[in-house]
Amino acid sequence: MVIKTRDRLIEVSRQLFARKGVENTTMNDIASASDKGRRTIYTYFKNKRDIFNAVIEQESAKLLVELEGIADRDCSPLEKIEAFIGVRFETMSEIVSRNGSLRAGFFRDVRKVERARKYICRRESEILGDILRQGVDEGVFSIESVSQTAVIIVHAIHGLDVPYMRDSLQELGLDKDLVVQRLTHLVLNGLRSRRIIS
């Protein structure tokens, strides 16, 4: 019952934040929409910021479940990298899209973005690191530092989140599919010609 009540409060709050924006949603709105009293809300959350953080954590967990599923697939590390990049972009786009005006308020507050991204970035890097390590173990990848490489790739993906979601690279001839394709090629093949020996 405790978990169900908390989850219900988070989902009701997410919907309100998406529709009205975080700033325009009050604790009374959440209480009314969830059919719970304010006292019940304060049993689970200190304040609206605490609820907002729980919403972000729950939404982030959906992405991590998708990525963990890719790492657990019975396929080559090459296929996993391609799936990781494509699913990462699409799932994040769906999460942002589903959360309506939450998106605008969330991206305006850089500190909120950084707090939310810090945890998710660490987990994404660990999941990607497992895939890269599998590739090294199978002799498919030659990587000096798996953990550092995973962090760099994840941050590169994060840097493309907004252009991907807005499809703003299309004017440069890069639709969403091509962004995933080019980034995957870059990650898997690098820039160095195979004919150059250093």
# chains A, B, ... in the order shown; residues from 1 in each chain; ligands from 1

$ residues_around --residues "Glu66 in chain A" --least-positions-apart "5" --cutoff "9 Å" --atoms "only C-alpha atoms" --output "short mmCIF file (atom, residue, chain, number, x, y, z; two decimals) with N, CA and C atoms, in the first residue's frame"
data_model
loop_
_atom_site.label_atom_id
_atom_site.label_comp_id
_atom_site.auth_asym_id
_atom_site.auth_seq_id
_atom_site.Cartn_x
_atom_site.Cartn_y
_atom_site.Cartn_z
N ALA A 61 14.49 5.96 -14.66
CA ALA A 61 14.54 4.51 -14.47
C ALA A 61 14.01 3.77 -15.71
N PHE A 84 22.01 0.42 -28.47
CA PHE A 84 22.16 1.33 -27.33
C PHE A 84 21.97 2.79 -27.78
N VAL A 87 18.19 3.31 -29.22
CA VAL A 87 17.18 3.23 -28.16
C VAL A 87 17.36 4.38 -27.17
N ARG A 88 18.58 4.75 -26.89
CA ARG A 88 18.85 5.85 -25.96
C ARG A 88 18.20 7.14 -26.45
N THR A 91 14.13 6.64 -26.60
CA THR A 91 13.50 6.58 -25.27
C THR A 91 13.54 7.94 -24.60
#

$ residues_around --residues "range 14-29 of chain A" --least-positions-apart "2" --cutoff "10 Å" --atoms "only C-alpha atoms" --output "MDAnalysis selection string"
chainID A and resid 8:12 31:38 41:42 47:49 51:52 54:56 58:59 96:106

$ atom_distance --atom1 "CA of Ala83 in chain A" --atom2 "CA of Val140 in chain A"
16.6 Å

$ atom_distance --atom1 "CA of Pro77 in chain A" --atom2 "CA of Met165 in chain A"
26.0 Å

$ closest_residue --among "A:His185, A:Lys80, A:Arg166, A:Arg117" --to "Gly129 in chain A" --atoms "only C-alpha atoms"
A:Lys80

$ select_by_dssp --residues "chain A" --states "alpha helix (DSSP H)" --output "VMD selection string"
chain A and resid 2 to 20 27 to 34 38 to 44 48 to 71 77 to 98 100 to 108 110 to 137 146 to 166 176 to 189

$ residues_around --residues "Leu78 in chain A" --least-positions-apart "3" --cutoff "8 Å" --atoms "only C-alpha atoms" --output "ChimeraX atom specification"
/A:81-82,135,188

$ atom_distance --atom1 "CA of Ile127 in chain A" --atom2 "CA of Met92 in chain A"
15.9 Å

$ residues_around --residues "Pro163 in chain A" --least-positions-apart "3" --cutoff "12 Å" --atoms "only C-alpha atoms" --output "VMD selection string"
chain A and resid 89 93 157 to 160 166 to 172 174 to 176 179 to 180

$ write_last_selection --atoms "C-alpha atoms" --output "mmCIF file, in the first residue's frame"
data_model
loop_
_atom_site.group_PDB
_atom_site.id
_atom_site.type_symbol
_atom_site.label_atom_id
_atom_site.label_comp_id
_atom_site.auth_asym_id
_atom_site.auth_seq_id
_atom_site.Cartn_x
_atom_site.Cartn_y
_atom_site.Cartn_z
ATOM 1 C CA PHE A 89 17.820 8.687 -28.291
ATOM 2 C CA SER A 93 12.681 11.674 -26.807
ATOM 3 C CA ILE A 157 25.139 11.163 -26.900
ATOM 4 C CA HIS A 158 23.862 13.604 -24.263
ATOM 5 C CA GLY A 159 25.250 16.476 -26.313
ATOM 6 C CA LEU A 160 23.073 15.395 -29.222
ATOM 7 C CA ARG A 166 14.049 18.869 -32.081
ATOM 8 C CA ASP A 167 15.220 17.251 -35.323
ATOM 9 C CA SER A 168 17.214 20.447 -35.859
ATOM 10 C CA LEU A 169 20.062 18.796 -37.752
ATOM 11 C CA GLN A 170 17.770 18.003 -40.665
ATOM 12 C CA GLU A 171 18.683 21.314 -42.309
ATOM 13 C CA LEU A 172 22.226 19.923 -42.488
ATOM 14 C CA LEU A 174 20.970 14.743 -40.912
ATOM 15 C CA ASP A 175 17.570 13.325 -40.062
ATOM 16 C CA LYS A 176 17.174 11.310 -36.856
ATOM 17 C CA VAL A 179 22.257 10.928 -36.698
ATOM 18 C CA VAL A 180 22.060 7.473 -35.109
#

$ closest_residue --among "A:Asp137, A:Ile152, A:Leu183, A:Arg6" --to "Ile85 in chain A" --atoms "only C-alpha atoms"
A:Leu183
